[in-house]
>>> print(open('run01.tsv').read())   # TSV, C-alpha atoms
chain	number	residue	atom	x	y	z
A	1	MET	CA	-92.08	121.08	-158.85
A	2	ARG	CA	-91.78	118.20	-156.37
A	3	VAL	CA	-93.07	114.86	-157.63
A	4	GLY	CA	-93.03	111.23	-156.61
A	5	ALA	CA	-92.46	108.25	-158.90
A	6	ILE	CA	-92.67	104.56	-158.03
A	7	ASP	CA	-91.71	101.73	-160.36
A	8	CYS	CA	-92.65	98.18	-159.38
A	9	GLY	CA	-91.11	95.50	-161.55
A	10	THR	CA	-90.54	91.78	-161.31
A	11	ASN	CA	-87.52	92.03	-159.02
A	12	SER	CA	-87.59	95.43	-157.32
A	13	ILE	CA	-89.76	98.34	-156.27
A	14	ARG	CA	-88.15	101.77	-156.50
A	15	LEU	CA	-89.02	105.25	-155.31
A	16	LEU	CA	-87.90	108.62	-156.64
A	17	ILE	CA	-88.85	111.89	-155.01
A	18	ALA	CA	-87.50	114.66	-157.19
A	19	GLU	CA	-87.58	118.35	-157.94
A	20	ILE	CA	-88.32	118.84	-161.64
A	21	GLU	CA	-87.37	122.05	-163.44
A	22	LYS	CA	-90.57	123.85	-164.46
A	23	HIS	CA	-89.30	125.84	-167.42
A	24	PRO	CA	-86.41	124.14	-169.27
A	25	ALA	CA	-84.68	125.91	-172.14
A	26	GLU	CA	-86.26	125.32	-175.51
A	27	GLY	CA	-85.18	122.02	-177.01
A	28	THR	CA	-83.82	120.62	-173.74
A	29	HIS	CA	-85.17	118.14	-171.19
A	30	PRO	CA	-86.20	119.39	-167.73
A	31	LYS	CA	-83.50	118.93	-165.10
A	32	ILE	CA	-84.15	116.35	-162.39
A	33	GLN	CA	-82.79	116.86	-158.87
A	34	ASP	CA	-83.05	113.85	-156.57
A	35	VAL	CA	-84.53	114.34	-153.12
A	36	VAL	CA	-84.88	110.62	-152.32
A	37	ARG	CA	-83.97	107.64	-154.52
A	38	GLN	CA	-84.45	104.17	-153.04
A	39	MET	CA	-84.69	100.58	-154.21
A	40	ARG	CA	-85.94	97.47	-152.45
A	41	ILE	CA	-85.59	93.95	-153.87
A	42	VAL	CA	-89.00	92.37	-153.23
A	43	ARG	CA	-89.09	89.74	-156.03
A	44	LEU	CA	-92.78	90.38	-156.75
A	45	GLY	CA	-92.58	88.20	-159.85
A	46	GLU	CA	-91.18	85.15	-158.05
A	47	GLY	CA	-92.79	82.11	-159.69
A	48	VAL	CA	-95.08	84.10	-162.00
A	49	ASP	CA	-93.50	82.67	-165.17
A	50	ALA	CA	-94.50	79.17	-164.04
A	51	THR	CA	-97.75	79.81	-162.15
A	52	GLY	CA	-99.22	83.03	-163.56
A	53	TRP	CA	-99.91	84.10	-159.97
A	54	LEU	CA	-98.43	86.58	-157.46
A	55	SER	CA	-97.61	84.67	-154.27
A	56	GLN	CA	-98.78	86.00	-150.92
A	57	ALA	CA	-95.19	86.13	-149.66
A	58	ALA	CA	-94.19	88.29	-152.63
A	59	LEU	CA	-97.18	90.57	-152.09
A	60	ASP	CA	-96.34	90.93	-148.39
A	61	ARG	CA	-92.75	91.95	-149.21
A	62	THR	CA	-94.00	94.50	-151.73
A	63	PHE	CA	-96.63	95.93	-149.37
A	64	GLU	CA	-94.02	96.36	-146.63
A	65	ALA	CA	-91.88	98.41	-149.01
A	66	ALA	CA	-94.93	100.43	-150.07
A	67	ASP	CA	-95.64	101.30	-146.42
A	68	ASP	CA	-92.10	102.67	-146.10
A	69	TYR	CA	-92.43	104.65	-149.34
A	70	ALA	CA	-95.76	106.11	-148.19
A	71	SER	CA	-94.03	107.43	-145.06
A	72	LEU	CA	-91.27	109.05	-147.16
A	73	LEU	CA	-93.79	110.67	-149.50
A	74	LYS	CA	-95.61	112.12	-146.51
A	75	LYS	CA	-92.37	113.28	-144.84
A	76	HIS	CA	-91.29	115.15	-147.99
A	77	LYS	CA	-94.76	116.59	-148.60
A	78	VAL	CA	-95.20	115.11	-152.07
A	79	LYS	CA	-98.66	115.75	-153.50
A	80	HIS	CA	-98.20	114.51	-157.07
A	81	VAL	CA	-97.38	110.79	-157.29
A	82	ARG	CA	-97.49	108.25	-160.06
A	83	MET	CA	-96.83	104.53	-159.66
A	84	VAL	CA	-96.47	102.06	-162.49
A	85	ALA	CA	-96.23	98.27	-162.44
A	86	THR	CA	-94.73	96.25	-165.22
A	87	SER	CA	-94.01	92.69	-166.36
A	88	ALA	CA	-94.87	90.51	-163.34
A	89	THR	CA	-98.13	92.34	-162.68
A	90	ARG	CA	-99.14	92.32	-166.35
A	91	ASP	CA	-98.80	88.52	-166.32
A	92	ALA	CA	-100.51	87.78	-162.97
A	93	GLY	CA	-104.05	86.49	-162.69
A	94	ASN	CA	-104.49	88.03	-159.23
A	95	ARG	CA	-103.10	91.47	-160.03
A	96	GLN	CA	-106.21	93.13	-158.54
A	97	ALA	CA	-105.04	92.08	-155.07
A	98	PHE	CA	-101.77	93.91	-155.74
A	99	ILE	CA	-103.54	97.02	-157.06
A	100	GLN	CA	-105.90	97.24	-154.09
A	101	GLY	CA	-103.16	96.60	-151.52
A	102	ILE	CA	-100.94	99.32	-152.97
A	103	SER	CA	-103.79	101.82	-153.27
A	104	ASP	CA	-104.70	101.28	-149.60
A	105	ARG	CA	-101.13	102.05	-148.56
A	106	LEU	CA	-100.50	105.03	-150.83
A	107	GLY	CA	-103.58	107.01	-149.91
A	108	GLY	CA	-105.54	106.18	-153.03
A	109	VAL	CA	-102.69	106.28	-155.57
A	110	VAL	CA	-103.66	103.47	-157.94
A	111	PRO	CA	-100.73	101.65	-159.56
A	112	GLU	CA	-101.01	101.68	-163.35
A	113	VAL	CA	-100.31	98.32	-164.94
A	114	ILE	CA	-98.73	99.73	-168.09
A	115	SER	CA	-98.15	98.05	-171.42
A	116	GLY	CA	-94.72	97.04	-172.62
A	117	THR	CA	-94.91	99.83	-175.18
A	118	GLU	CA	-95.46	102.52	-172.56
A	119	GLU	CA	-92.79	100.97	-170.34
A	120	ALA	CA	-90.33	101.26	-173.23
A	121	GLU	CA	-91.26	104.87	-173.94
A	122	LEU	CA	-90.86	105.90	-170.28
A	123	SER	CA	-87.47	104.16	-170.17
A	124	PHE	CA	-86.35	106.10	-173.23
A	125	LEU	CA	-87.60	109.36	-171.74
A	126	GLY	CA	-85.65	108.75	-168.52
A	127	ALA	CA	-82.43	107.77	-170.27
A	128	ALA	CA	-82.62	110.53	-172.89
A	129	ALA	CA	-83.08	113.18	-170.20
A	130	THR	CA	-79.69	112.43	-168.66
A	131	ILE	CA	-77.58	111.15	-171.58
A	132	ASP	CA	-77.03	113.91	-174.14
A	133	ALA	CA	-78.52	112.53	-177.35
A	134	ALA	CA	-78.50	115.67	-179.44
A	135	GLY	CA	-77.09	115.05	-182.91
A	136	SER	CA	-76.19	111.43	-182.12
A	137	GLY	CA	-78.58	109.92	-184.66
A	138	ARG	CA	-80.72	107.08	-183.40
A	139	SER	CA	-80.23	105.73	-179.87
A	140	LEU	CA	-81.35	102.23	-178.97
A	141	VAL	CA	-82.23	102.11	-175.27
A	142	VAL	CA	-82.41	98.62	-173.77
A	143	ASP	CA	-84.00	98.20	-170.34
A	144	VAL	CA	-83.19	94.75	-168.90
A	145	GLY	CA	-85.72	94.05	-166.17
A	146	GLY	CA	-86.60	91.09	-164.00
A	147	GLY	CA	-89.45	89.81	-166.14
A	148	SER	CA	-89.17	91.65	-169.43
A	149	THR	CA	-86.74	93.64	-171.53
A	150	GLU	CA	-87.71	96.76	-173.44
A	151	PHE	CA	-86.11	97.87	-176.71
A	152	VAL	CA	-86.83	101.46	-177.71
A	153	LEU	CA	-85.33	103.29	-180.66
A	154	GLY	CA	-85.46	107.07	-180.72
A	155	ASP	CA	-83.82	110.24	-181.90
A	156	ASP	CA	-83.94	113.98	-181.21
A	157	ASN	CA	-87.66	113.96	-182.09
A	158	GLY	CA	-88.60	111.19	-179.68
A	159	VAL	CA	-89.48	107.49	-179.93
A	160	VAL	CA	-89.32	105.90	-183.38
A	161	ALA	CA	-90.29	102.32	-182.44
A	162	SER	CA	-90.37	100.06	-179.38
A	163	ARG	CA	-91.03	96.49	-178.29
A	164	SER	CA	-91.22	94.66	-174.97
A	165	VAL	CA	-90.30	90.97	-174.80
A	166	ASN	CA	-90.56	88.47	-171.96
A	167	ILE	CA	-86.89	87.93	-171.17
A	168	GLY	CA	-85.64	89.15	-167.79
A	169	SER	CA	-83.20	88.21	-165.06
A	170	VAL	CA	-85.76	86.56	-162.76
A	171	ARG	CA	-87.81	84.94	-165.52
A	172	LEU	CA	-84.83	83.34	-167.28
A	173	THR	CA	-83.12	82.34	-164.03
A	174	GLU	CA	-86.23	80.40	-163.05
A	175	ARG	CA	-86.61	78.99	-166.54
A	176	HIS	CA	-83.01	77.92	-167.24
A	177	LEU	CA	-80.39	78.44	-164.52
A	178	SER	CA	-80.99	75.74	-161.93
A	179	SER	CA	-77.41	75.86	-160.62
A	180	ASN	CA	-74.94	78.59	-159.66
A	181	PRO	CA	-72.69	78.75	-161.51
A	182	PRO	CA	-74.83	77.43	-164.36
A	183	ALA	CA	-73.77	74.63	-166.69
A	184	GLU	CA	-72.82	75.55	-170.24
A	185	GLY	CA	-75.95	73.85	-171.56
A	186	GLN	CA	-78.11	76.05	-169.33
A	187	ILE	CA	-76.39	79.19	-170.63
A	188	ARG	CA	-76.89	78.05	-174.24
A	189	ARG	CA	-80.62	77.57	-173.67
A	190	LEU	CA	-80.87	81.01	-172.09
A	191	VAL	CA	-79.03	82.62	-175.01
A	192	HIS	CA	-81.35	80.80	-177.41
A	193	ASP	CA	-84.32	82.47	-175.70
A	194	VAL	CA	-82.62	85.86	-175.97
A	195	ASP	CA	-81.92	85.35	-179.68
A	196	ALA	CA	-85.55	84.36	-180.26
A	197	ALA	CA	-86.73	87.47	-178.43
A	198	ILE	CA	-84.45	89.70	-180.52
A	199	THR	CA	-85.93	88.15	-183.68
A	200	THR	CA	-89.36	89.17	-182.39
A	201	VAL	CA	-88.12	92.70	-181.70
A	202	LEU	CA	-86.88	93.03	-185.27
A	203	ASP	CA	-90.46	92.66	-186.54
A	204	SER	CA	-91.22	96.18	-185.30
A	205	VAL	CA	-87.94	97.87	-184.30
A	206	PRO	CA	-85.33	98.58	-187.03
A	207	VAL	CA	-82.39	97.87	-184.73
A	208	GLY	CA	-79.98	98.00	-187.66
A	209	THR	CA	-80.56	101.75	-188.03
A	210	ALA	CA	-79.30	102.54	-184.52
A	211	THR	CA	-76.13	104.58	-184.15
A	212	ARG	CA	-75.55	104.03	-180.45
A	213	LEU	CA	-76.59	101.62	-177.69
A	214	ILE	CA	-77.65	102.67	-174.17
A	215	GLY	CA	-78.36	100.12	-171.43
A	216	VAL	CA	-80.36	100.85	-168.29
A	217	ALA	CA	-81.46	99.14	-165.06
A	218	GLY	CA	-79.79	96.91	-162.50
A	219	SER	CA	-78.40	94.11	-164.65
A	220	VAL	CA	-76.68	96.63	-166.91
A	221	THR	CA	-75.26	98.77	-164.09
A	222	THR	CA	-74.00	95.66	-162.26
A	223	VAL	CA	-72.17	94.40	-165.36
A	224	THR	CA	-70.63	97.87	-165.70
A	225	ALA	CA	-69.52	97.86	-162.06
A	226	GLN	CA	-67.83	94.49	-162.65
A	227	ALA	CA	-66.10	95.78	-165.79
A	228	LEU	CA	-64.85	98.85	-163.91
A	229	GLY	CA	-63.54	96.69	-161.05
A	230	LEU	CA	-65.42	98.72	-158.44
A	231	GLU	CA	-64.97	97.83	-154.79
A	232	SER	CA	-68.29	99.47	-153.91
A	233	TYR	CA	-71.22	100.77	-155.92
A	234	ASP	CA	-70.41	104.18	-157.43
A	235	ALA	CA	-73.30	105.65	-159.45
A	236	ASP	CA	-71.22	108.62	-160.59
A	237	ARG	CA	-68.61	106.37	-162.22
A	238	ILE	CA	-71.21	104.05	-163.70
A	239	HIS	CA	-73.53	106.66	-165.20
A	240	GLY	CA	-72.54	107.60	-168.72
A	241	HIS	CA	-69.69	105.07	-168.84
A	242	GLU	CA	-69.03	103.88	-172.40
A	243	MET	CA	-67.15	100.66	-172.92
A	244	PRO	CA	-66.39	98.24	-175.76
A	245	ILE	CA	-68.96	95.50	-176.20
A	246	THR	CA	-66.14	92.98	-175.82
A	247	GLU	CA	-65.74	94.24	-172.24
A	248	VAL	CA	-69.49	93.89	-171.63
A	249	VAL	CA	-69.29	90.25	-172.74
A	250	SER	CA	-66.21	89.57	-170.61
A	251	ALA	CA	-67.68	91.12	-167.45
A	252	ALA	CA	-70.98	89.29	-167.97
A	253	ARG	CA	-69.14	86.01	-168.33
A	254	GLU	CA	-67.24	86.63	-165.10
A	255	LEU	CA	-70.46	87.29	-163.18
A	256	THR	CA	-72.26	84.30	-164.69
A	257	THR	CA	-69.51	81.80	-163.84
A	258	MET	CA	-69.28	82.87	-160.18
A	259	THR	CA	-71.11	81.09	-157.40
A	260	THR	CA	-73.88	83.00	-155.64
A	261	SER	CA	-71.62	83.38	-152.59
A	262	GLN	CA	-68.84	84.87	-154.70
A	263	ARG	CA	-71.29	87.37	-156.21
A	264	ARG	CA	-72.59	88.38	-152.79
A	265	ALA	CA	-69.03	89.10	-151.70
A	266	LEU	CA	-68.64	91.75	-154.42
A	267	GLY	CA	-68.78	95.18	-152.79
A	268	PHE	CA	-71.03	96.64	-155.49
A	269	MET	CA	-73.58	93.79	-155.58
A	270	HIS	CA	-77.01	94.87	-154.36
A	271	GLU	CA	-78.59	92.53	-151.84
A	272	GLY	CA	-81.16	90.38	-153.59
A	273	ARG	CA	-79.55	90.53	-157.05
A	274	ALA	CA	-76.79	87.96	-156.59
A	275	ASP	CA	-78.92	84.94	-157.48
A	276	VAL	CA	-80.31	86.40	-160.72
A	277	ILE	CA	-77.47	88.54	-162.07
A	278	GLY	CA	-76.06	85.63	-164.08
A	279	ALA	CA	-79.15	85.62	-166.28
A	280	GLY	CA	-79.37	89.41	-166.38
A	281	ALA	CA	-75.73	89.70	-167.39
A	282	GLN	CA	-76.12	87.13	-170.16
A	283	ILE	CA	-79.23	88.86	-171.50
A	284	TRP	CA	-77.42	92.22	-171.69
A	285	SER	CA	-74.21	90.86	-173.20
A	286	ARG	CA	-76.02	88.85	-175.87
A	287	ILE	CA	-78.17	91.84	-176.82
A	288	ALA	CA	-75.04	94.01	-177.09
A	289	GLU	CA	-73.36	91.42	-179.33
A	290	ARG	CA	-76.39	91.13	-181.60
A	291	VAL	CA	-76.82	94.91	-181.87
A	292	SER	CA	-73.22	95.17	-183.07
A	293	GLU	CA	-73.88	92.44	-185.64
A	294	LEU	CA	-77.17	93.95	-186.79
A	295	THR	CA	-75.54	97.34	-187.32
A	296	ASP	CA	-72.75	95.73	-189.38
A	297	GLY	CA	-70.21	96.57	-186.70
A	298	ARG	CA	-71.11	100.27	-186.66
A	299	ILE	CA	-71.90	100.05	-182.95
A	300	THR	CA	-68.92	98.70	-181.02
A	301	THR	CA	-69.55	100.24	-177.57
A	302	ALA	CA	-72.37	100.39	-175.03
A	303	ILE	CA	-73.25	103.32	-172.76
A	304	THR	CA	-74.64	102.74	-169.27
A	305	SER	CA	-77.31	105.04	-167.83
A	306	GLU	CA	-78.20	105.16	-164.15
A	307	HIS	CA	-81.46	106.86	-165.13
A	308	ASP	CA	-84.33	104.93	-166.64
A	309	ILE	CA	-88.07	104.37	-166.36
A	310	LEU	CA	-88.16	105.81	-162.83
A	311	ASP	CA	-86.94	109.18	-164.12
A	312	GLY	CA	-89.33	108.88	-167.04
A	313	ILE	CA	-92.24	108.42	-164.64
A	314	ALA	CA	-91.19	111.50	-162.66
A	315	LEU	CA	-90.95	113.58	-165.84
A	316	SER	CA	-94.38	112.35	-166.95
A	317	VAL	CA	-95.88	113.52	-163.65
A	318	ALA	CA	-94.35	116.97	-164.05
A	319	ALA	CA	-95.53	117.19	-167.67
A	320	SER	CA	-99.11	116.34	-166.67
A	321	ARG	CA	-99.13	119.19	-164.12
A	322	LYS	CA	-98.11	121.97	-166.49
>>> encode(input="run01.tsv", output="structure tokens")
Amino acid sequence: MRVGAIDCGTNSIRLLIAEIEKHPAEGTHPKIQDVVRQMRIVRLGEGVDATGWLSQAALDRTFEAADDYASLLKKHKVKHVRMVATSATRDAGNRQAFIQGISDRLGGVVPEVISGTEEAELSFLGAAATIDAAGSGRSLVVDVGGGSTEFVLGDDNGVVASRSVNIGSVRLTERHLSSNPPAEGQIRRLVHDVDAAITTVLDSVPVGTATRLIGVAGSVTTVTAQALGLESYDADRIHGHEMPITEVVSAARELTTMTTSQRRALGFMHEGRADVIGAGAQIWSRIAERVSELTDGRITTAITSEHDILDGIALSVAASRK
């Protein structure tokens, strides 16, 4: 079955056109075969943390990307499409302008402004479908976005608990990191926000029961690329890579202490991420450190998944058409 999935977050809008296996073997996830996978950095959530409003410039960038995605969906004859919007749109007072503009461009496909809970569950679904979780106990999937970060704990039977908190690479860059590289005091304030968010997560997610940690989305994959010393972005090497949390922290520190120009010069750095990766890297590394502490040192490594909420959206479309 051919389906289309679009994820619009605070920093990027992404498209997946995929063939989904109709009849997977019992107890397994359907296989996903990419037809088209694209990402555009549009920074929809620029300024939303401070103003509560989507700017016209940000909307225009997003609508331009949506026009391109509409052409691709038509070219590949995709009839079943789902689009979701997350943190920035949830927080914006003028989100109806975004919804109407997208619907006009996608032939009536209305973007769903989903809750943090559903965002977390879709992220877990996407990661679990491509990282073999069978018999591994409880996996904690952490999705570091531009405006929010999702924590979702699950096992072979599905999601156990989840929580979305308002820490993300764009949000915390705007809030704390006024210089590149940031001053130590700026980093400390950012880490304080991350620690406070983790405390909130612990109210509903028993992080200490996790047996492994999986990170998804651009901040996580970029930190992994830095740790691997990649000269260009290599999804095959990044996906499924497991590394000590000490290496996560080291790579995150390296990215954070670079200037924006130095980050842009890295062959694996996606255009549009260089100015916010410092915050994203610090969010991921601090979460990894705290997960290790909260599990009494049982978790000492982190696994990177290239597949996340976008794959979860595609799988949800296929499931709804059975």
>>> closest_atom_pairs(input="run01.tsv", of="segment 62-161 of chain A", to="segment 300-308 of chain A", cutoff="10 Å", atoms="all atoms listed in the file", output="tab-separated table")
residue	atom	partner	partner_atom	distance
A:Ala120	CA	A:Asp308	CA	9.6
A:Leu122	CA	A:Asp308	CA	7.5
A:Ser123	CA	A:Asp308	CA	4.8
A:Phe124	CA	A:Asp308	CA	7.0
A:Leu125	CA	A:Asp308	CA	7.5
A:Gly126	CA	A:Asp308	CA	4.5
A:Ala127	CA	A:Asp308	CA	5.0
A:Ala128	CA	A:Asp308	CA	8.6
A:Ala129	CA	A:His307	CA	8.3
A:Thr130	CA	A:His307	CA	6.8
A:Ile131	CA	A:Ser305	CA	7.2
A:Leu140	CA	A:Ala302	CA	10.0
A:Val141	CA	A:Asp308	CA	9.3
A:Val142	CA	A:Asp308	CA	9.7
A:Asp143	CA	A:Asp308	CA	7.7
>>> closest_residue(input="run01.tsv", among="A:Ser139, A:Arg264, A:Ala288, A:Arg237", to="Ile198 of chain A", atoms="all atoms listed in the file")
A:Ala288
>>> residues_around(input="run01.tsv", residues="His270 of chain A", least_positions_apart="2", cutoff="9 Å", atoms="all atoms listed in the file", output="count of residues only")
11
>>> residues_around(input="run01.tsv", residues="segment 314-322 of chain A", least_positions_apart="6", cutoff="10 Å", atoms="all atoms listed in the file", output="count of residues only")
27
>>> atom_distance(input="run01.tsv", atom1="atom CA of Met243 of chain A", atom2="atom CA of Val216 of chain A")
14.0 Å
>>> residues_around(input="run01.tsv", residues="Thr209 of chain A", least_positions_apart="5", cutoff="12 Å", atoms="all atoms listed in the file", output="list in words")
Gly137, Arg138, Ser139, Leu140, Leu153, Gly154, Asp155, Val160, Ala161, Leu202, Val291, Ser292, Glu293, Leu294, Thr295, Asp296, Gly297, Arg298 and Ile299 of chain A
>>> write_last_selection(input="run01.tsv", atoms="C-alpha atoms", output="PDB file, in the coordinates of the input")
ATOM      1  CA  GLY A 137     -78.580 109.920-184.660  1.00  0.00           C
ATOM      2  CA  ARG A 138     -80.720 107.080-183.400  1.00  0.00           C
ATOM      3  CA  SER A 139     -80.230 105.730-179.870  1.00  0.00           C
ATOM      4  CA  LEU A 140     -81.350 102.230-178.970  1.00  0.00           C
ATOM      5  CA  LEU A 153     -85.330 103.290-180.660  1.00  0.00           C
ATOM      6  CA  GLY A 154     -85.460 107.070-180.720  1.00  0.00           C
ATOM      7  CA  ASP A 155     -83.820 110.240-181.900  1.00  0.00           C
ATOM      8  CA  VAL A 160     -89.320 105.900-183.380  1.00  0.00           C
ATOM      9  CA  ALA A 161     -90.290 102.320-182.440  1.00  0.00           C
ATOM     10  CA  LEU A 202     -86.880  93.030-185.270  1.00  0.00           C
ATOM     11  CA  VAL A 291     -76.820  94.910-181.870  1.00  0.00           C
ATOM     12  CA  SER A 292     -73.220  95.170-183.070  1.00  0.00           C
ATOM     13  CA  GLU A 293     -73.880  92.440-185.640  1.00  0.00           C
ATOM     14  CA  LEU A 294     -77.170  93.950-186.790  1.00  0.00           C
ATOM     15  CA  THR A 295     -75.540  97.340-187.320  1.00  0.00           C
ATOM     16  CA  ASP A 296     -72.750  95.730-189.380  1.00  0.00           C
ATOM     17  CA  GLY A 297     -70.210  96.570-186.700  1.00  0.00           C
ATOM     18  CA  ARG A 298     -71.110 100.270-186.660  1.00  0.00           C
ATOM     19  CA  ILE A 299     -71.900 100.050-182.950  1.00  0.00           C
TER      20      ILE A 299
END
>>> atom_distance(input="run01.tsv", atom1="atom CA of Gly312 of chain A", atom2="atom CA of Glu121 of chain A")
8.2 Å
>>> residues_around(input="run01.tsv", residues="Gly101 of chain A", least_positions_apart="6", cutoff="12 Å", atoms="all atoms listed in the file", output="NGL selection string")
:A and (56 or 59-67 or 94-95 or 107-111)
>>> write_last_selection(input="run01.tsv", atoms="C-alpha atoms", output="mmCIF file, in the coordinates of the input")
data_model
loop_
_atom_site.group_PDB
_atom_site.id
_atom_site.type_symbol
_atom_site.label_atom_id
_atom_site.label_comp_id
_atom_site.auth_asym_id
_atom_site.auth_seq_id
_atom_site.Cartn_x
_atom_site.Cartn_y
_atom_site.Cartn_z
ATOM 1 C CA GLN A 56 -98.780 86.000 -150.920
ATOM 2 C CA LEU A 59 -97.180 90.570 -152.090
ATOM 3 C CA ASP A 60 -96.340 90.930 -148.390
ATOM 4 C CA ARG A 61 -92.750 91.950 -149.210
ATOM 5 C CA THR A 62 -94.000 94.500 -151.730
ATOM 6 C CA PHE A 63 -96.630 95.930 -149.370
ATOM 7 C CA GLU A 64 -94.020 96.360 -146.630
ATOM 8 C CA ALA A 65 -91.880 98.410 -149.010
ATOM 9 C CA ALA A 66 -94.930 100.430 -150.070
ATOM 10 C CA ASP A 67 -95.640 101.300 -146.420
ATOM 11 C CA ASN A 94 -104.490 88.030 -159.230
ATOM 12 C CA ARG A 95 -103.100 91.470 -160.030
ATOM 13 C CA GLY A 107 -103.580 107.010 -149.910
ATOM 14 C CA GLY A 108 -105.540 106.180 -153.030
ATOM 15 C CA VAL A 109 -102.690 106.280 -155.570
ATOM 16 C CA VAL A 110 -103.660 103.470 -157.940
ATOM 17 C CA PRO A 111 -100.730 101.650 -159.560
#
>>> residues_near_point(input="run01.tsv", point="(-96.7, 88.9, -163.8)", cutoff="8 Å", atoms="all atoms listed in the file", output="number ranges by chain")
A: 10, 45, 48-49, 52-54, 86-93, 95, 147
>>> atom_distance(input="run01.tsv", atom1="atom CA of Ile287 of chain A", atom2="atom CA of Val194 of chain A")
7.5 Å
>>> closest_residue(input="run01.tsv", among="A:Gln96, A:Asn180, A:Thr51, A:Gln38", to="Leu72 of chain A", atoms="only C-alpha atoms")
A:Gln38
>>> axis_aligned_box(input="run01.tsv", around="segment 42-58 of chain A", padding_each_side="5 Å", output="JSON")
{"center_x": -94.5, "center_y": 85.8, "center_z": -157.4, "size_x": 20.9, "size_y": 23.2, "size_z": 25.5}
>>> closest_residue(input="run01.tsv", among="A:Lys74, A:Arg105, A:Ser169, A:Ile238", to="Gly278 of chain A", atoms="all atoms listed in the file")
A:Ser169
>>> closest_residue(input="run01.tsv", among="A:Ala225, A:Val42, A:Ala252, A:Ala217", to="Leu310 of chain A", atoms="all atoms listed in the file")
A:Ala217
>>> closest_residue(input="run01.tsv", among="A:Ile102, A:Val165, A:Ile313, A:Ala85", to="Val201 of chain A", atoms="all atoms listed in the file")
A:Val165
>>> residues_around(input="run01.tsv", residues="Gln262 of chain A", least_positions_apart="5", cutoff="10 Å", atoms="only C-alpha atoms", output="VMD selection string")
chain A and resid 181 255 257 274
>>> closest_residue(input="run01.tsv", among="A:Ala197, A:Ala70, A:Val205, A:Leu172", to="Asp275 of chain A", atoms="all atoms listed in the file")
A:Leu172
